[in-house]
Amino acid sequence: AWTKHQVKGFTDADGFEKEVVRHVETSLARSLFNCDEGAAYSAAALAFRDRLITEWNKTQQRQTFSDTKRVYYLSLEFLMGRAFDNAILNLGLKDVAKEGLTELGFRIEDIIEQEHDAALGNGGLGRLAACFLDSLASLDYPAWGYGLRYRYGIFKQEIINGYQVEVPDYWLDFNPWEFPRHDVTVDIQFYGSVRKSQDENGKSVAHWEGGEIVTAVAYDVPIPGYATPSTNNLRLWSSKASSGEFDFQKFNNGEYESSVADQQRAETISAVLYPNDNLDRGKELRLKQQYFWVAASLHDIVRRFKKSKRQWSEFPDQVAIQLNDTHPTLAIVELQRILVDIEGLEWDAAWNIVTSTFGYTNHTVLPEALEKWPVGLFQHLLPRHLQIIYDINLFFLQSVEKKFPGDRDLLTRVSIIEESQPKMVRMAFLAIVGSHKVNGVAELHSDLIQTTIFRDFVSIFGADKFTNVTNGITPRRWLHQANPRLSELIASKAGGHDFLKDLTLLNKIEEYAGDKEFKKEWAEIKYANKVRLARYIKQTLDVTVNPAALFDVQVKRIHEYKRQQLNIFGVIHRYLTLKAMSPEERKKQQPRVSIFGGKAAPGYWMAKQIIHLINNVGAVVNKDADIGDLLKVIFLEDYNVSKAEMIIPASDLSEHISTAGTEASGTSNMKFVLNGGLIIGTCDGANIEITREIGQENIFLFGTLSEDVEELRHQHTYGSHNVDSNLTKVFEAIQNGTFGEPNDFGAMVAAVRDHGDYYLVSDDFQSYIDTQNMVDTEYRNQDEWVTKCIRSVARMGFFSSDRCINEYAEGIWNVEPLAVKN
Ligand code: 26V
């Protein structure tokens with residue numbers, strides 16, 4: 001059974017209140033009489049923070065003394081969301097917090113709402129990193145995350161006149177969850193030049209000299225595990241001007257402006273998260289961010305290793321580094337540089353260490369997202385690293401030539417340097433060559449990378465180097481925290497809360513899928529979650545939606561490949577169909593609320609058009625008296641982690657409808673099903689494995705299969721392309737001005753009708769509409785629907801990020817948990 005572990009500090013509401021009062025009076029220097037919700041949040045957070053710190057210190061000491069292998073998860077994004085609720089739940093003290101805050105005159109929900117999301121990520125990739133940290137701590141793995149401490153996270157989205165407007169997200173005003181380590185700094189070098197000299201043995205040694213120095217300062221964030229004292233560390237680097245001679249002299253000479261400019265240039269490195277998801281723009285500052293963070297992290301890791309006084313050959317026994325996509329690929333080059341240039345190892349010995357240390361996870365096959373950097377930029381910014389990359393490539397190509405003599409095309413195809421104008425460094429290829437394992441994030445995706453973009457590398461290195469680790473989500477945040485009532489109902493039948501640590505125990509609720517009382521409670525919880533969302537919609541958009549209607553939700557980044565346009569075209573089709581019906585006929589239709597949410601990258605014009613169309617359709621449909629409750633169209637502003645925690649538990653149906661073969665995995669699909677919603681989706685990413693686990697009778701699949709996509713695209717371009725007739729009617733409605741100025745949506749229509757329909761919207765349209773009609777029919781049988789939901793939840797055990805982390809630990813990192821003795 002789940003027991004509170006033994007930790008120091010308060011254990012009851014009384015003790016907690018005393019701590020809150022103490023923090024209000026001393027840490028905040030306020031009195032209890034002018035303590036508003038903001039101050040109450042601050043003080044409560046500080047009270048729990050104190051609790052975390054003790055365990056955090058003990059965990060770090062335990063890890064150091066036990067001298068076991070550690071995992072380092074390098075990610076440019078950690079989409080953490082809020083920390084307070086998560087901390088009190090993981091400590092098992094939510095009841096204490098609730099009681100204490102109530103006695104102090106506050107509602108815990110309001111206090112939780114005071115916290116600003118830590119939104120240091122774009123979408124799935126960053127949220128996956130956050131789920132992994134939760135699992136690593138909860139499973140007692142010695143693990144650190146390394147990232148950047150952006151001053152501005154992902155922008156806040158406002159919708160003004162139906163258009164997205166981006167507002168900066170300054171989130172660091174009051175952040176009790178980070179600890180500045182002004183004593184933990186690393187000086188990072190950029191630009192400059194390389195000089196070669198000979199050492200006493202006549203060996204050539206490279207010296208990277210001159211250029212610019214920027215200082216990295218560590219900020220540490222405690223990551224508490226669930227129902228364990230283990231508290232891991234997330235180290236985020238912040239950039240500041242180095243306090244070297246140079247600046248000092250400038251200042252001393254009265255060159256204040258130039259001195260301040262240097263300072264600002266340095267601080268720019270960690271100033272802002274790039275808001276592109278799945279698009280590589282090749283900006284110099286982005287490469288600077290990558291090197292800054294990678295170099296600081298490696299320096300830190302190497303420094304820690306050196307304290308152990310072991311031989312370099314033992315490095316891979318002490319250290320596993322996972323590359324979250326190609327963004328940290330420079331770590332491979334940097335470690336090779338440290339070992340060869342600074343520590344004086346022979347190239348081959350160093351390279352063995354490097355490749356044994358790294359693993360690389362690929363998160364996309366979209367060609368526009370694959371990172372490439374111009375050789376010229378490298379030469380300028382990181383001259384020594386470019387030389388090392390050329391050497392890595394040379395030795396790699398020599399080994400390929402040995403294995404496949406005379407195959408020049410192969411050498412061109414797999415070269416880390418693309419012989420284009422300008423020449424480019426292919427980061428994914430460098431990551432593969434420098435790692436011992438490469439994994440995709442769902443079965444289909446892992447198969448696809450092995451047969452398409454990385455195919456040649458499978459023949460070169462053998463299939464064993466490539467593997468799959470299907471993504472997962474943490475049930476702590478995505479069930480227990482987001483949907484506490486459902487979590488309690490499950491606990492009441494699954495033998496307590498153990499399922500939160502072993503999600504396969506969910507299968508214990510399957511026997512209640514036909515239980516009348518259980519189903520009634522289940523349905524009541526879903527309804528209450530929908531009421532809460534309906535209230536939020538009323539407050540924020542002043543639209544009244546009926547909580548008894550089917551809530552159909554698509555929330556994720558806006559991207560053509562995710563096909564929000566298919567969804568909104570389907571909504572328009574539904575609207576036109578309803579309009580054409582007699583009032584009697586309309587009465588027989590299933591009421592729906594179509595809910596959208598998600599951010600478009602600021603420079604992604606088509607994605608912004610999609611948002612505009614959704615809002616315009618809403619404006620027309622929501623005030624149409626013929627339609628009433630039968631259809632409402634809602635665009636929720638500023639979708640983020642904490643909004644997801646409210647929206648996901650309120651869905652009946654969610655949409656995961658990417659063009660087959662484009663969505664590497666998807667993880668919100670897992671969150672929706674875990675919260676008792678059904679899915680409409682394509683045979684893509686993790687949808688396929690969700691189907692395998694929950695049964696095809698419990699999911700609404702439609703559309704083209706990934707193996708047929710290429711052929712259809714070929715036909716669109718070289719054969720004839722007839723747009724679906726129902727979709728043509730939708731286009732006509734758009735173009736006759738039903739939803740505002742038709743020219744605003746010209747490009748969206750043309751993409752499908754005139755420009756080859758790359759994402760197969762027309763091909764999949766009829767099958768999408770038919771499937772949505774099946775959903776309506778099945779939803780009317782609420783009894784059967786609820787049974788399906790319960791069975792699906794019962795079978796979701798596989799999708800815990802705990803399973804996922806255990807697979808990485810065993811198959812890639814070769815690390816073991818560090819047991820905690822109380
Ligand atoms: C790429 C780039 C390119 C340079 C500019 C900034 C930037 C930011 C992020 C990315 C990565 C895009 C890849 C990505 O987010 N993939 C998503 O990963 C999820 C976790 O594995 C997965 O569930 C989603 O299907 C996949 O799209």
# chains A, B, ... in the order shown; residues from 1 in each chain; ligands from 1

$ residues_around --residues "A:Ala130" --least-positions-apart "2" --cutoff "8 Å" --atoms "only C-alpha atoms" --output "number ranges by chain"
A: 78-80, 126-128, 132-134

$ residues_near_ligand --ligand "ligand 1" --cutoff "6 Å" --atoms "only C-alpha atoms and all ligand atoms" --output "ChimeraX atom specification"
/A:124-125,128,274,276-280,363-364,369,441,663-667

$ residues_around --residues "stretch 197-204 of chain A" --least-positions-apart "4" --cutoff "12 Å" --atoms "only C-alpha atoms" --output "JSON, numbers by chain"
{"A": [208, 340, 341, 344, 345, 346, 347]}

$ closest_residue --among "A:Ile159, A:Leu760, A:Ile769, A:Ile690" --to "A:Arg713" --atoms "only C-alpha atoms"
A:Leu760

$ residues_around --residues "A:Arg586" --least-positions-apart "6" --cutoff "10 Å" --atoms "only C-alpha atoms" --output "list in words"
Thr577, Leu578, Lys579, Ala580, Asp626, Ile627 and Leu630 of chain A

$ select_by_dssp --residues "stretch 183-420 of chain A" --states "alpha helix (DSSP H)" --output "CSV table (one decimal) with C-alpha atoms, in the first residue's frame"
chain,number,residue,atom,x,y,z
A,245,GLU,CA,39.6,41.6,-17.6
A,246,PHE,CA,38.1,42.8,-20.8
A,247,ASP,CA,34.8,44.2,-19.5
A,248,PHE,CA,36.4,45.5,-16.4
A,249,GLN,CA,38.8,47.5,-18.5
A,250,LYS,CA,36.1,48.9,-20.7
A,251,PHE,CA,34.2,50.0,-17.7
A,252,ASN,CA,37.3,51.4,-16.1
A,256,TYR,CA,29.9,52.2,-20.3
A,257,GLU,CA,27.7,51.8,-23.3
A,258,SER,CA,29.9,49.3,-25.0
A,259,SER,CA,30.4,47.5,-21.7
A,260,VAL,CA,26.6,47.3,-21.2
A,261,ALA,CA,26.2,46.1,-24.8
A,262,ASP,CA,28.6,43.2,-24.2
A,263,GLN,CA,26.5,42.3,-21.1
A,264,GLN,CA,23.3,42.3,-23.1
A,265,ARG,CA,24.8,40.3,-25.9
A,266,ALA,CA,25.8,37.6,-23.4
A,267,GLU,CA,22.4,37.6,-21.7
A,268,THR,CA,20.7,37.2,-25.1
A,284,GLU,CA,23.1,31.8,-35.5
A,285,LEU,CA,21.7,32.6,-32.0
A,286,ARG,CA,20.0,29.1,-31.9
A,287,LEU,CA,23.3,27.4,-32.6
A,288,LYS,CA,24.9,29.6,-29.9
A,289,GLN,CA,22.2,28.5,-27.5
A,290,GLN,CA,22.9,24.9,-28.3
A,291,TYR,CA,26.7,25.1,-27.8
A,292,PHE,CA,26.4,27.2,-24.7
A,293,TRP,CA,24.1,24.7,-23.0
A,294,VAL,CA,25.9,21.6,-24.3
A,295,ALA,CA,29.4,22.9,-23.3
A,296,ALA,CA,28.3,24.0,-19.8
A,297,SER,CA,26.6,20.6,-19.2
A,298,LEU,CA,29.5,18.6,-20.4
A,299,HIS,CA,32.0,20.6,-18.4
A,300,ASP,CA,29.8,19.9,-15.4
A,301,ILE,CA,29.5,16.2,-16.1
A,302,VAL,CA,33.2,15.8,-16.7
A,303,ARG,CA,34.1,17.8,-13.6
A,304,ARG,CA,31.9,15.5,-11.5
A,305,PHE,CA,33.5,12.4,-13.1
A,306,LYS,CA,37.0,13.6,-12.5
A,307,LYS,CA,36.3,13.9,-8.8
A,315,PHE,CA,33.6,7.2,-18.2
A,316,PRO,CA,30.8,5.3,-20.0
A,317,ASP,CA,30.4,3.1,-16.9
A,318,GLN,CA,29.6,6.2,-14.9
A,330,LEU,CA,27.3,19.1,-30.4
A,331,ALA,CA,27.8,17.3,-27.1
A,332,ILE,CA,29.3,14.5,-29.1
A,333,VAL,CA,31.9,16.8,-30.7
A,334,GLU,CA,32.5,18.7,-27.4
A,335,LEU,CA,33.3,15.5,-25.5
A,336,GLN,CA,35.6,14.4,-28.2
A,337,ARG,CA,37.3,17.8,-28.0
A,347,TRP,CA,41.5,9.9,-31.1
A,348,ASP,CA,40.3,6.2,-31.2
A,349,ALA,CA,40.3,5.8,-27.4
A,350,ALA,CA,38.4,9.0,-27.1
A,351,TRP,CA,35.9,8.1,-29.8
A,352,ASN,CA,35.2,4.8,-28.1
A,353,ILE,CA,34.3,6.6,-24.9
A,354,VAL,CA,32.1,9.1,-26.8
A,355,THR,CA,30.1,6.6,-28.7
A,356,SER,CA,29.6,4.4,-25.7
A,357,THR,CA,28.3,7.4,-23.7
A,375,VAL,CA,29.6,24.9,-42.6
A,376,GLY,CA,30.5,28.6,-42.8
A,377,LEU,CA,28.6,29.4,-39.7
A,378,PHE,CA,30.4,26.6,-37.9
A,379,GLN,CA,33.7,27.8,-39.2
A,380,HIS,CA,33.0,31.2,-37.8
A,381,LEU,CA,31.4,30.3,-34.4
A,383,PRO,CA,36.2,26.6,-35.7
A,384,ARG,CA,37.7,23.7,-33.7
A,385,HIS,CA,34.4,21.8,-33.6
A,386,LEU,CA,34.2,22.0,-37.4
A,387,GLN,CA,37.6,20.4,-37.7
A,388,ILE,CA,36.6,17.6,-35.4
A,389,ILE,CA,33.4,17.1,-37.3
A,390,TYR,CA,35.4,16.8,-40.5
A,391,ASP,CA,37.6,14.2,-38.9
A,392,ILE,CA,34.7,12.3,-37.5
A,393,ASN,CA,33.2,12.3,-41.0
A,394,LEU,CA,36.5,11.2,-42.6
A,395,PHE,CA,36.9,8.2,-40.3
A,396,PHE,CA,33.3,7.3,-40.7
A,397,LEU,CA,33.3,7.5,-44.5
A,398,GLN,CA,36.5,5.4,-44.5
A,399,SER,CA,34.8,2.7,-42.5
A,400,VAL,CA,31.8,2.8,-45.0
A,401,GLU,CA,34.2,2.5,-47.9
A,402,LYS,CA,35.8,-0.5,-46.3
A,403,LYS,CA,32.4,-2.2,-45.8
A,408,ARG,CA,30.2,6.5,-54.1
A,409,ASP,CA,26.5,7.3,-54.0
A,410,LEU,CA,26.3,5.7,-50.6
A,411,LEU,CA,29.2,7.9,-49.4
A,412,THR,CA,27.4,11.0,-50.7
A,413,ARG,CA,24.1,10.0,-49.1
A,414,VAL,CA,25.5,9.3,-45.6

$ residues_around --residues "stretch 707-711 of chain A" --least-positions-apart "4" --cutoff "12 Å" --atoms "only C-alpha atoms" --output "ChimeraX atom specification"
/A:444,447-448,451-452,658-662,683-684,703,715-719,757-761,763-764

$ residues_around --residues "A:His207" --least-positions-apart "3" --cutoff "7 Å" --atoms "only C-alpha atoms" --output "JSON, numbers by chain"
{"A": [194, 195, 196]}

$ residues_around --residues "A:Gln421" --least-positions-apart "3" --cutoff "10 Å" --atoms "only C-alpha atoms" --output "PyMOL selection string"
chain A and resi 374+418+424

$ write_last_selection --atoms "C-alpha atoms" --output "PDB file, in the first residue's frame"
ATOM      1  CA  PRO A 374      25.893  25.873 -42.776  1.00  0.00           C
ATOM      2  CA  GLU A 418      26.066  17.665 -47.330  1.00  0.00           C
ATOM      3  CA  MET A 424      25.738  21.881 -44.539  1.00  0.00           C
TER       4      MET A 424
END

$ atom_distance --atom1 "atom CA of A:Arg803" --atom2 "atom CA of A:Pro475"
11.3 Å

$ atom_distance --atom1 "atom CA of A:Leu104" --atom2 "atom CA of A:Val24"
11.9 Å

$ closest_residue --among "A:Arg795, A:Lys556, A:Lys240, A:Lys309" --to "A:His182" --atoms "only C-alpha atoms"
A:Lys240

$ atom_distance --atom1 "atom CA of A:Val723" --atom2 "atom CA of A:Glu560"
17.5 Å
